[in-house]
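Source file: my_file-v4.tsv; contents: TSV, C-alpha atoms.
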```tsv
chain	number	residue	atom	x	y	z
A	1	MET	CA	17.28	25.31	16.63
A	2	ALA	CA	16.80	23.25	13.46
A	3	PHE	CA	13.70	21.35	12.45
A	4	ASP	CA	15.57	18.13	13.24
A	5	ASP	CA	15.48	19.27	16.88
A	6	LEU	CA	11.69	19.35	17.06
A	7	ALA	CA	10.13	17.07	19.62
A	8	TYR	CA	9.22	13.56	18.46
A	9	THR	CA	11.35	13.82	15.32
A	10	GLY	CA	14.61	12.00	14.59
A	11	THR	CA	14.61	8.74	16.55
A	12	PRO	CA	18.09	7.51	17.48
A	13	HIS	CA	17.47	3.98	16.20
A	14	ASP	CA	18.71	1.87	13.36
A	15	ARG	CA	15.34	0.32	12.46
A	16	VAL	CA	17.07	-2.70	10.83
A	17	PRO	CA	14.42	-3.34	8.15
A	18	ALA	CA	16.51	-6.10	6.58
A	19	ARG	CA	16.87	-8.00	9.87
A	20	ARG	CA	13.55	-7.57	11.67
A	21	ALA	CA	11.80	-9.91	9.18
A	22	ASP	CA	13.83	-12.79	10.64
A	23	PRO	CA	11.98	-14.06	13.77
A	24	GLU	CA	15.04	-15.94	15.03
A	25	TRP	CA	17.21	-12.85	14.83
A	26	VAL	CA	14.54	-10.78	16.63
A	27	ALA	CA	14.24	-13.44	19.37
A	28	ASP	CA	18.03	-13.44	19.79
A	29	GLN	CA	17.99	-9.66	20.20
A	30	PHE	CA	15.30	-9.86	22.86
A	31	ALA	CA	17.30	-12.52	24.73
A	32	ARG	CA	20.38	-10.31	24.95
A	33	PRO	CA	21.34	-9.27	28.51
A	34	ASP	CA	21.53	-5.59	27.50
A	35	VAL	CA	18.06	-5.48	25.91
A	36	GLN	CA	15.90	-2.47	26.76
A	37	LEU	CA	12.10	-2.37	26.75
A	38	VAL	CA	9.80	0.68	26.84
A	39	PRO	CA	6.43	-0.21	28.43
A	40	MET	CA	3.32	1.86	27.73
A	41	TRP	CA	-0.26	1.65	28.91
A	42	ARG	CA	-3.11	2.84	26.69
A	43	ASP	CA	-0.85	5.35	24.91
A	44	ARG	CA	0.47	6.68	28.23
A	45	CYS	CA	4.05	6.67	29.47
A	46	LEU	CA	4.84	4.82	32.68
A	47	LEU	CA	7.01	6.76	35.13
A	48	ALA	CA	9.08	6.18	38.25
A	49	ALA	CA	10.23	9.30	40.11
A	50	GLY	CA	9.00	11.33	37.14
A	51	VAL	CA	11.25	9.48	34.66
A	52	PRO	CA	9.93	7.20	31.87
A	53	ILE	CA	10.53	3.53	32.59
A	54	VAL	CA	13.01	1.62	30.43
A	55	ALA	CA	13.00	-1.97	31.66
A	56	THR	CA	15.93	-4.33	31.38
A	57	GLY	CA	16.74	-7.96	32.23
A	58	HIS	CA	14.10	-10.10	33.94
A	59	ARG	CA	11.59	-7.24	34.24
A	60	SER	CA	11.63	-6.64	30.49
A	61	ARG	CA	10.71	-10.28	29.90
A	62	GLN	CA	8.01	-10.15	32.58
A	63	ILE	CA	6.45	-7.10	30.94
A	64	ALA	CA	6.62	-8.63	27.46
A	65	ALA	CA	4.96	-11.81	28.70
A	66	ALA	CA	2.07	-9.81	30.20
A	67	ALA	CA	1.75	-7.72	27.05
A	68	GLY	CA	1.58	-10.74	24.80
A	69	GLU	CA	3.29	-8.85	21.97
A	70	SER	CA	6.29	-6.58	21.81
A	71	VAL	CA	7.64	-4.53	18.94
A	72	LEU	CA	11.23	-3.85	17.98
A	73	LEU	CA	12.04	-0.16	17.76
A	74	GLY	CA	15.56	-0.88	16.55
A	75	LEU	CA	19.16	-0.76	17.66
A	76	GLU	CA	20.43	2.28	19.55
A	77	ASP	CA	24.23	2.31	19.51
A	78	GLY	CA	23.99	-1.43	18.95
A	79	THR	CA	21.62	-2.06	21.88
A	80	PRO	CA	18.24	-3.63	20.99
A	81	VAL	CA	15.28	-1.50	22.09
A	82	PHE	CA	11.75	-2.93	22.20
A	83	ALA	CA	8.38	-1.56	23.30
A	84	ALA	CA	5.45	-3.39	24.88
A	85	ASP	CA	1.79	-2.44	25.25
A	86	LEU	CA	0.22	-3.23	28.64
A	87	SER	CA	-3.20	-1.93	27.60
A	88	ALA	CA	-4.83	-5.33	28.13
A	89	VAL	CA	-4.38	-5.05	31.91
A	90	ASP	CA	-5.71	-2.41	34.27
A	91	GLU	CA	-3.57	0.56	35.30
A	92	PRO	CA	-2.56	-0.73	38.76
A	93	THR	CA	-1.34	-3.97	37.19
A	94	ALA	CA	0.57	-2.09	34.50
A	95	LEU	CA	2.24	0.06	37.18
A	96	ARG	CA	3.16	-2.99	39.26
A	97	LEU	CA	4.56	-4.96	36.33
A	98	SER	CA	6.74	-2.09	35.19
A	99	ALA	CA	7.73	-0.87	38.69
A	100	ALA	CA	6.18	2.49	37.84
A	101	GLN	CA	4.46	4.97	40.12
A	102	GLU	CA	2.22	6.74	37.63
A	103	SER	CA	1.20	7.04	34.01
A	104	THR	CA	0.99	10.26	32.04
A	105	ASP	CA	0.49	11.64	28.56
A	106	LEU	CA	3.69	12.04	26.55
A	107	ARG	CA	2.99	15.66	25.66
A	108	ARG	CA	3.07	16.58	29.36
A	109	LEU	CA	6.62	15.20	29.51
A	110	ALA	CA	8.09	16.48	26.26
A	111	ALA	CA	9.43	19.78	27.60
A	112	ARG	CA	11.69	18.02	30.11
A	113	LEU	CA	12.89	15.18	27.90
A	114	SER	CA	15.83	15.15	25.54
A	115	HIS	CA	14.91	15.06	21.87
A	116	PRO	CA	16.03	11.41	21.49
A	117	GLN	CA	13.95	10.42	24.54
A	118	ALA	CA	10.83	12.21	23.29
A	119	ALA	CA	11.30	10.75	19.80
A	120	THR	CA	11.72	7.23	21.18
A	121	LEU	CA	8.57	7.44	23.30
A	122	ALA	CA	6.59	8.92	20.42
A	123	TYR	CA	7.81	6.18	18.08
A	124	ALA	CA	6.85	3.51	20.62
A	125	ARG	CA	3.46	5.12	21.25
A	126	GLY	CA	2.60	5.34	17.57
A	127	LEU	CA	3.71	1.81	16.67
A	128	LEU	CA	1.96	0.23	19.66
A	129	HIS	CA	-1.23	2.20	18.99
A	130	TRP	CA	-1.28	1.01	15.38
A	131	ASN	CA	-0.80	-2.63	16.37
A	132	ARG	CA	-3.53	-2.39	19.02
A	133	HIS	CA	-6.01	-0.86	16.57
A	134	THR	CA	-5.22	-3.09	13.60
A	135	ARG	CA	-6.40	-6.44	14.88
A	136	PHE	CA	-8.39	-7.34	11.78
A	137	CYS	CA	-7.92	-7.20	8.04
A	138	GLY	CA	-9.72	-4.24	6.50
A	139	VAL	CA	-10.49	-6.23	3.35
A	140	CYS	CA	-11.97	-9.53	4.59
A	141	GLY	CA	-12.32	-8.97	8.35
A	142	SER	CA	-10.12	-11.91	9.38
A	143	PRO	CA	-7.72	-11.57	12.31
A	144	ALA	CA	-4.34	-10.02	11.50
A	145	ARG	CA	-1.10	-11.22	13.09
A	146	SER	CA	2.03	-9.25	13.86
A	147	ALA	CA	5.04	-9.65	11.56
A	148	GLN	CA	8.45	-8.05	11.10
A	149	ALA	CA	8.72	-7.40	14.84
A	150	GLY	CA	5.54	-5.31	14.92
A	151	HIS	CA	6.14	-3.16	11.83
A	152	VAL	CA	3.72	-5.13	9.65
A	153	ARG	CA	0.51	-7.08	10.22
A	154	VAL	CA	-0.65	-9.90	7.95
A	155	CYS	CA	-4.18	-11.17	7.35
A	156	THR	CA	-4.45	-14.77	8.55
A	157	ALA	CA	-6.99	-15.81	5.89
A	158	LEU	CA	-5.14	-17.94	3.32
A	159	ASP	CA	-7.26	-16.66	0.44
A	160	CYS	CA	-6.51	-13.05	1.41
A	161	ALA	CA	-3.16	-12.81	3.28
A	162	ARG	CA	-3.15	-9.05	2.81
A	163	VAL	CA	-0.07	-7.29	4.23
A	164	LEU	CA	-1.01	-4.28	6.37
A	165	PHE	CA	1.42	-1.42	6.90
A	166	PRO	CA	1.12	1.50	9.34
A	167	ARG	CA	-0.64	4.44	7.73
A	168	ILE	CA	0.55	8.00	8.26
A	169	GLU	CA	-1.98	10.86	8.23
A	170	PRO	CA	-0.33	13.96	6.72
A	171	ALA	CA	-1.52	17.40	7.75
A	172	VAL	CA	-0.32	20.88	6.86
A	173	ILE	CA	0.16	23.78	9.22
A	174	VAL	CA	0.75	27.23	7.76
A	175	LEU	CA	1.83	30.69	8.81
A	176	ILE	CA	0.07	33.03	6.38
A	177	GLU	CA	1.58	36.48	5.82
A	178	SER	CA	-0.49	39.43	4.63
A	179	PRO	CA	0.50	41.56	1.63
A	180	GLY	CA	1.81	45.06	2.24
A	181	PRO	CA	4.89	46.61	3.82
A	182	GLU	CA	4.04	45.88	7.45
A	183	PRO	CA	4.65	42.23	8.43
A	184	ARG	CA	1.44	40.63	9.68
A	185	CYS	CA	0.42	37.00	10.07
A	186	LEU	CA	-2.96	35.32	10.28
A	187	LEU	CA	-4.08	33.72	13.54
A	188	ALA	CA	-7.48	32.13	14.10
A	189	ARG	CA	-9.65	31.05	17.01
A	190	HIS	CA	-11.23	27.63	16.61
A	191	HIS	CA	-14.51	26.37	18.03
A	192	GLY	CA	-14.06	25.37	21.65
A	193	ALA	CA	-10.98	27.53	22.12
A	194	ASP	CA	-10.66	30.09	24.92
A	195	PRO	CA	-11.66	33.68	24.03
A	196	ASP	CA	-8.05	34.80	23.46
A	197	SER	CA	-6.66	31.52	22.13
A	198	PHE	CA	-5.43	32.06	18.57
A	199	SER	CA	-3.32	29.68	16.49
A	200	LEU	CA	-2.13	28.97	12.97
A	201	LEU	CA	-4.32	27.27	10.39
A	202	ALA	CA	-3.91	23.52	9.91
A	203	GLY	CA	-5.71	20.71	8.17
A	204	PHE	CA	-5.45	17.16	6.84
A	205	VAL	CA	-4.37	16.41	3.30
A	206	GLU	CA	-7.16	14.92	1.19
A	207	ILE	CA	-6.91	12.27	-1.53
A	208	GLY	CA	-5.61	13.68	-4.79
A	209	GLU	CA	-4.24	16.89	-3.21
A	210	SER	CA	-0.75	18.29	-3.18
A	211	LEU	CA	0.52	19.71	0.10
A	212	GLU	CA	0.46	23.22	-1.36
A	213	GLY	CA	-3.08	22.61	-2.56
A	214	THR	CA	-4.12	21.64	0.94
A	215	VAL	CA	-2.69	24.90	2.31
A	216	ARG	CA	-4.65	26.95	-0.18
A	217	ARG	CA	-7.87	24.97	0.28
A	218	GLU	CA	-7.78	25.13	4.08
A	219	ALA	CA	-7.07	28.87	4.06
A	220	ALA	CA	-9.92	29.53	1.64
A	221	GLU	CA	-12.44	27.16	3.27
A	222	GLU	CA	-11.87	28.14	6.88
A	223	ALA	CA	-10.76	31.76	6.77
A	224	GLY	CA	-11.79	32.95	3.31
A	225	VAL	CA	-8.17	33.93	2.63
A	226	ALA	CA	-6.71	33.51	-0.86
A	227	VAL	CA	-3.11	32.26	-0.74
A	228	GLY	CA	-0.62	32.50	-3.59
A	229	THR	CA	2.99	31.45	-3.01
A	230	VAL	CA	3.44	28.55	-0.57
A	231	THR	CA	6.92	27.77	0.76
A	232	TYR	CA	7.85	24.54	2.52
A	233	GLN	CA	9.57	25.02	5.90
A	234	GLY	CA	9.95	21.56	7.43
A	235	SER	CA	8.09	18.60	8.91
A	236	GLN	CA	7.51	16.92	12.25
A	237	GLY	CA	6.53	13.40	13.15
A	238	TRP	CA	3.30	13.64	15.13
A	239	PRO	CA	2.28	10.17	16.41
A	240	PHE	CA	-0.93	11.26	18.13
A	241	PRO	CA	-1.73	8.70	16.95
A	242	SER	CA	-0.28	8.63	13.43
A	243	GLY	CA	0.20	12.13	12.06
A	244	MET	CA	2.84	13.94	10.08
A	245	MET	CA	2.81	17.73	10.34
A	246	ILE	CA	4.23	19.61	7.35
A	247	GLY	CA	4.97	23.29	7.94
A	248	PHE	CA	4.62	26.08	5.36
A	249	VAL	CA	4.65	29.84	5.02
A	250	GLY	CA	1.98	31.15	2.66
A	251	GLN	CA	1.57	34.59	1.09
A	252	ALA	CA	-1.97	35.98	1.07
A	253	LEU	CA	-3.08	37.67	-2.15
A	254	ASP	CA	-5.04	40.30	-0.22
A	255	ASP	CA	-6.01	40.97	3.39
A	256	ARG	CA	-9.69	39.97	3.16
A	257	ILE	CA	-10.93	37.49	5.79
A	258	ASP	CA	-14.25	35.64	5.79
A	259	VAL	CA	-14.33	32.88	8.42
A	260	ASP	CA	-16.58	29.89	7.84
A	261	GLY	CA	-18.18	29.92	11.31
A	262	ALA	CA	-17.88	26.14	11.48
A	263	GLU	CA	-14.21	25.38	12.07
A	264	LEU	CA	-13.29	28.96	13.00
A	265	LEU	CA	-15.03	31.52	15.15
A	266	GLU	CA	-12.77	34.40	14.16
A	267	ALA	CA	-9.47	35.19	12.47
A	268	ARG	CA	-7.44	38.35	12.15
A	269	TRP	CA	-4.07	39.74	11.19
A	270	PHE	CA	-1.49	40.25	13.94
A	271	THR	CA	1.54	42.48	13.66
A	272	ARG	CA	4.95	41.17	14.67
A	273	ASP	CA	4.87	43.34	17.80
A	274	GLU	CA	1.47	41.89	18.75
A	275	VAL	CA	2.74	38.35	18.29
A	276	VAL	CA	5.83	39.10	20.37
A	277	GLU	CA	3.64	40.52	23.13
A	278	ARG	CA	1.42	37.44	23.07
A	279	ILE	CA	4.41	35.12	23.32
A	280	VAL	CA	6.33	37.04	25.98
A	281	ASP	CA	3.54	38.41	28.18
A	282	GLY	CA	0.29	36.97	26.90
A	283	PRO	CA	-1.38	33.65	26.11
A	284	GLY	CA	1.66	32.20	24.33
A	285	GLY	CA	3.06	31.29	20.94
A	286	GLY	CA	1.65	27.84	20.40
A	287	PRO	CA	2.57	24.53	21.99
A	288	ALA	CA	6.27	24.31	22.76
A	289	ASP	CA	6.50	20.80	21.33
A	290	SER	CA	4.87	21.56	17.98
A	291	ILE	CA	6.04	22.79	14.61
A	292	GLY	CA	3.31	25.43	14.84
A	293	GLY	CA	4.98	26.99	17.84
A	294	TRP	CA	8.30	26.84	15.97
A	295	LEU	CA	6.86	28.68	12.98
A	296	LEU	CA	5.26	31.41	15.06
A	297	ARG	CA	8.23	32.04	17.37
A	298	SER	CA	10.61	32.09	14.41
A	299	TRP	CA	8.44	34.56	12.51
A	300	ALA	CA	8.29	36.78	15.60
A	301	GLY	CA	12.09	36.79	15.79
A	302	LEU	CA	12.17	35.23	19.25
A	303	GLY	CA	14.02	32.04	18.40
A	304	ALA	CA	12.55	28.64	17.72
A	305	SER	CA	12.09	27.41	21.29
A	306	PRO	CA	10.64	28.91	24.48
A	307	GLU	CA	14.16	28.95	25.99
A	308	ASP	CA	15.16	31.55	23.40
A	309	ARG	CA	12.61	34.11	24.59
A	310	PRO	CA	13.89	37.42	25.98
```

Target encoding structure tokens, full file:
Amino acid sequence: MAFDDLAYTGTPHDRVPARRADPEWVADQFARPDVQLVPMWRDRCLLAAGVPIVATGHRSRQIAAAAGESVLLGLEDGTPVFAADLSAVDEPTALRLSAAQESTDLRRLAARLSHPQAATLAYARGLLHWNRHTRFCGVCGSPARSAQAGHVRVCTALDCARVLFPRIEPAVIVLIESPGPEPRCLLARHHGADPDSFSLLAGFVEIGESLEGTVRREAAEEAGVAVGTVTYQGSQGWPFPSGMMIGFVGQALDDRIDVDGAELLEARWFTRDEVVERIVDGPGGGPADSIGGWLLRSWAGLGASPEDRP
């Protein structure tokens, strides 16, 4: 499994940035008989018989009319794909409009979706969430209108007219290896976690930091671990609601641990055999849809996905 196969990463769309700024072209795409529309309700997927709804024809137009705004995800094999947010109506109405039977969180579905399906729903979720939560200009407070088929919002005040773009929140996640001949990695238990729930360290990038600097700061602040060499592994789109997870392996300079007691309750070094036991027979190797699970399973030699386990 490659990093490109991680859930939510690698949408199958041509995002047509040069065309989506033309409202007439966008309207023509929505009027096409083969148009597809992904409805969502308050960041939740709408399902029929356990399958995410993709509306077509008259129903797609009915949903878009109720939503008030729709966004263009792009062209998939030449077919226009839009998404619409039904958050303004209650859940029963959203289900009725979309001919759905239930709504659910995307992460509950990810394991049984293809990578393109999961990536499409994550893309729709993130873009709709941003539009719903960016109703006003952050500079002057005036209403902001949708532009470029939902990929941009523009302040409506003539003396401001600020152009607002979706913001991505980068975060690092790191598998830290101890020095010495025996392979060991650092796992930590966060506040609120179950007694035997350990995971990799992660944290948001701060202004003025490099990604490698964030890895070293987070390790030192939370676990009291000094990290030297930091090696990039890969990244994963994480639209919950607007994240980007960047994965690293870091080399600890020594094996001292001093947890902060605020973010972390405890942290300790685990041998490869202990990690394998946790993944195969114990509490697990991290969420199956996350880059953190990928890093830990790969380090343990069990393959990148749960399906690769012995």

- request: Could you tell me which of A:Leu73, A:Val154, A:Ala202, A:Cys45 comes closest to A:Leu109 if we count only C-alpha atoms?
  value: A:Cys45

task: Could you jot down the atom CA of A:Gln36 to atom CA of A:Ala94 separation for me, Å, one decimal place?
output: 17.2 Å

Please list, as an mmCIF file with C-alpha atoms, in the coordinates of the input, the residues that have an atom at most 9 Å away from (1.3, 29.9, 3.5) in the coordinates of this file, counting all atoms listed in the file.
```cif
data_model
loop_
_atom_site.group_PDB
_atom_site.id
_atom_site.type_symbol
_atom_site.label_atom_id
_atom_site.label_comp_id
_atom_site.auth_asym_id
_atom_site.auth_seq_id
_atom_site.Cartn_x
_atom_site.Cartn_y
_atom_site.Cartn_z
ATOM 1 C CA ILE A 173 0.160 23.780 9.220
ATOM 2 C CA VAL A 174 0.750 27.230 7.760
ATOM 3 C CA LEU A 175 1.830 30.690 8.810
ATOM 4 C CA ILE A 176 0.070 33.030 6.380
ATOM 5 C CA GLU A 177 1.580 36.480 5.820
ATOM 6 C CA GLU A 212 0.460 23.220 -1.360
ATOM 7 C CA VAL A 215 -2.690 24.900 2.310
ATOM 8 C CA ARG A 216 -4.650 26.950 -0.180
ATOM 9 C CA ALA A 219 -7.070 28.870 4.060
ATOM 10 C CA VAL A 227 -3.110 32.260 -0.740
ATOM 11 C CA GLY A 228 -0.620 32.500 -3.590
ATOM 12 C CA THR A 229 2.990 31.450 -3.010
ATOM 13 C CA VAL A 230 3.440 28.550 -0.570
ATOM 14 C CA THR A 231 6.920 27.770 0.760
ATOM 15 C CA TYR A 232 7.850 24.540 2.520
ATOM 16 C CA GLY A 247 4.970 23.290 7.940
ATOM 17 C CA PHE A 248 4.620 26.080 5.360
ATOM 18 C CA VAL A 249 4.650 29.840 5.020
ATOM 19 C CA GLY A 250 1.980 31.150 2.660
ATOM 20 C CA GLN A 251 1.570 34.590 1.090
ATOM 21 C CA ALA A 252 -1.970 35.980 1.070
#
```

message: Using Å and a single decimal, report how far atom CA of A:Leu296 sits from atom CA of A:Val275.
response: 8.1 Å

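Distance check against A:Asp289 using all atoms listed in the file: of A:Ala67, A:Val89, A:Gly243, A:Leu113, the minimum falls on A:Leu113.
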
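Counting from atom CA of A:Gly74, the distance to atom CA of A:Ala99 is 23.5 Å.
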
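Counting all atoms listed in the file and comparing A:Leu95, A:Ala226, A:Leu6, A:Ala220, the residue that lies closest to A:Ala110 is A:Leu6.
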
Could you pull the residues within 8 Å of A:Ala83, counting all atoms listed in the file, minus those fewer than 6 positions along the same chain, as a PDB file with C-alpha atoms, in the frame of the given file?
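As a result, selection-v1.pdb now contains:
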```pdb
ATOM      1  CA  LEU A  37      12.100  -2.370  26.750  1.00  0.00           C
ATOM      2  CA  VAL A  38       9.800   0.680  26.840  1.00  0.00           C
ATOM      3  CA  PRO A  39       6.430  -0.210  28.430  1.00  0.00           C
ATOM      4  CA  MET A  40       3.320   1.860  27.730  1.00  0.00           C
ATOM      5  CA  SER A  70       6.290  -6.580  21.810  1.00  0.00           C
ATOM      6  CA  VAL A  71       7.640  -4.530  18.940  1.00  0.00           C
ATOM      7  CA  LEU A  72      11.230  -3.850  17.980  1.00  0.00           C
ATOM      8  CA  LEU A  73      12.040  -0.160  17.760  1.00  0.00           C
ATOM      9  CA  ALA A 124       6.850   3.510  20.620  1.00  0.00           C
ATOM     10  CA  LEU A 128       1.960   0.230  19.660  1.00  0.00           C
TER      11      LEU A 128
END
```

Non-local contacts of A:Ile257 (12 Å; all atoms listed in the file; under 3 positions in same chain excluded) as an mmCIF file with C-alpha atoms, keeping the file's coordinate frame:
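And here is the file that came out, around.cif:
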```
data_model
loop_
_atom_site.group_PDB
_atom_site.id
_atom_site.type_symbol
_atom_site.label_atom_id
_atom_site.label_comp_id
_atom_site.auth_asym_id
_atom_site.auth_seq_id
_atom_site.Cartn_x
_atom_site.Cartn_y
_atom_site.Cartn_z
ATOM 1 C CA ILE A 176 0.070 33.030 6.380
ATOM 2 C CA SER A 178 -0.490 39.430 4.630
ATOM 3 C CA LEU A 186 -2.960 35.320 10.280
ATOM 4 C CA LEU A 187 -4.080 33.720 13.540
ATOM 5 C CA ALA A 188 -7.480 32.130 14.100
ATOM 6 C CA ALA A 219 -7.070 28.870 4.060
ATOM 7 C CA ALA A 220 -9.920 29.530 1.640
ATOM 8 C CA GLU A 221 -12.440 27.160 3.270
ATOM 9 C CA GLU A 222 -11.870 28.140 6.880
ATOM 10 C CA ALA A 223 -10.760 31.760 6.770
ATOM 11 C CA GLY A 224 -11.790 32.950 3.310
ATOM 12 C CA VAL A 225 -8.170 33.930 2.630
ATOM 13 C CA ALA A 226 -6.710 33.510 -0.860
ATOM 14 C CA VAL A 227 -3.110 32.260 -0.740
ATOM 15 C CA ALA A 252 -1.970 35.980 1.070
ATOM 16 C CA LEU A 253 -3.080 37.670 -2.150
ATOM 17 C CA ASP A 254 -5.040 40.300 -0.220
ATOM 18 C CA ASP A 260 -16.580 29.890 7.840
ATOM 19 C CA GLY A 261 -18.180 29.920 11.310
ATOM 20 C CA LEU A 264 -13.290 28.960 13.000
ATOM 21 C CA LEU A 265 -15.030 31.520 15.150
ATOM 22 C CA GLU A 266 -12.770 34.400 14.160
ATOM 23 C CA ALA A 267 -9.470 35.190 12.470
ATOM 24 C CA ARG A 268 -7.440 38.350 12.150
ATOM 25 C CA TRP A 269 -4.070 39.740 11.190
#
```

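Each of A:Arg107, A:Ala7, A:Leu121, A:Ile246 was checked against A:Pro52 using only C-alpha atoms; the smallest atom-to-atom distance is that of A:Leu121.
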
Mind working out the centre and edge lengths of an axis-aligned box for stretch 270-273 of chain A, all listed atoms inside, 8 Å added to each side, rounded to one decimal in Å and written as AutoDock Vina command-line options?
```
--center_x 1.7 --center_y 41.8 --center_z 15.7 --size_x 22.4 --size_y 19.1 --size_z 20.1
```

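Comparing the minimum interatomic distances between A:Ile63 and each of A:Leu75, A:Ala84, A:Ala49, A:Val280, counting only C-alpha atoms, we find that A:Ala84 sits nearest.
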
Pick from A:Glu24, A:Asp77, A:Asp194, A:Asp43, whichever lies nearest to A:Glu91 using all atoms listed in the file: A:Asp43

task: Please identify all polymer residues within 7 Å of A:Trp130, counting only C-alpha atoms, omitting same-chain residues fewer than 4 positions from it, and present them as a ChimeraX atom specification.
output: /A:126,134,166

- prompt: Can you tell me, as a list of chain:residue names, what residues are no more than 7 Å from A:Ala48 when counting all atoms listed in the file, ignoring any on the same chain fewer than 3 positions away?
  reply: A:Val51, A:Pro52, A:Ile53, A:Ala100, A:Gln101, A:Glu102

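At a cut-off of 10 Å from (-1.9, 46.0, 13.6), the residue set is Glu182, Pro183, Arg184, Cys185, Arg268, Trp269, Phe270, Thr271, Arg272, Asp273 and Glu274 of chain A (counting all atoms listed in the file).
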
How would the residues just picked look written out with C-alpha atoms as an mmCIF file, in the coordinates of the input?
```
data_model
loop_
_atom_site.group_PDB
_atom_site.id
_atom_site.type_symbol
_atom_site.label_atom_id
_atom_site.label_comp_id
_atom_site.auth_asym_id
_atom_site.auth_seq_id
_atom_site.Cartn_x
_atom_site.Cartn_y
_atom_site.Cartn_z
ATOM 1 C CA GLU A 182 4.040 45.880 7.450
ATOM 2 C CA PRO A 183 4.650 42.230 8.430
ATOM 3 C CA ARG A 184 1.440 40.630 9.680
ATOM 4 C CA CYS A 185 0.420 37.000 10.070
ATOM 5 C CA ARG A 268 -7.440 38.350 12.150
ATOM 6 C CA TRP A 269 -4.070 39.740 11.190
ATOM 7 C CA PHE A 270 -1.490 40.250 13.940
ATOM 8 C CA THR A 271 1.540 42.480 13.660
ATOM 9 C CA ARG A 272 4.950 41.170 14.670
ATOM 10 C CA ASP A 273 4.870 43.340 17.800
ATOM 11 C CA GLU A 274 1.470 41.890 18.750
#
```

message: What's around stretch 206-209 of chain A at 10 Å? Count all atoms listed in the file, leave out sequence neighbours fewer than 4 positions away in its own chain, and write the answer as a PyMOL selection string.
response: chain A and resi 169-171+213-215+217

Could you write out the selected residues, including C-alpha atoms, as a PDB file, in the frame of the given file?
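After the write, selection03.pdb holds the following:
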```pdb
ATOM      1  CA  GLU A 169      -1.980  10.860   8.230  1.00  0.00           C
ATOM      2  CA  PRO A 170      -0.330  13.960   6.720  1.00  0.00           C
ATOM      3  CA  ALA A 171      -1.520  17.400   7.750  1.00  0.00           C
ATOM      4  CA  GLY A 213      -3.080  22.610  -2.560  1.00  0.00           C
ATOM      5  CA  THR A 214      -4.120  21.640   0.940  1.00  0.00           C
ATOM      6  CA  VAL A 215      -2.690  24.900   2.310  1.00  0.00           C
ATOM      7  CA  ARG A 217      -7.870  24.970   0.280  1.00  0.00           C
TER       8      ARG A 217
END
```
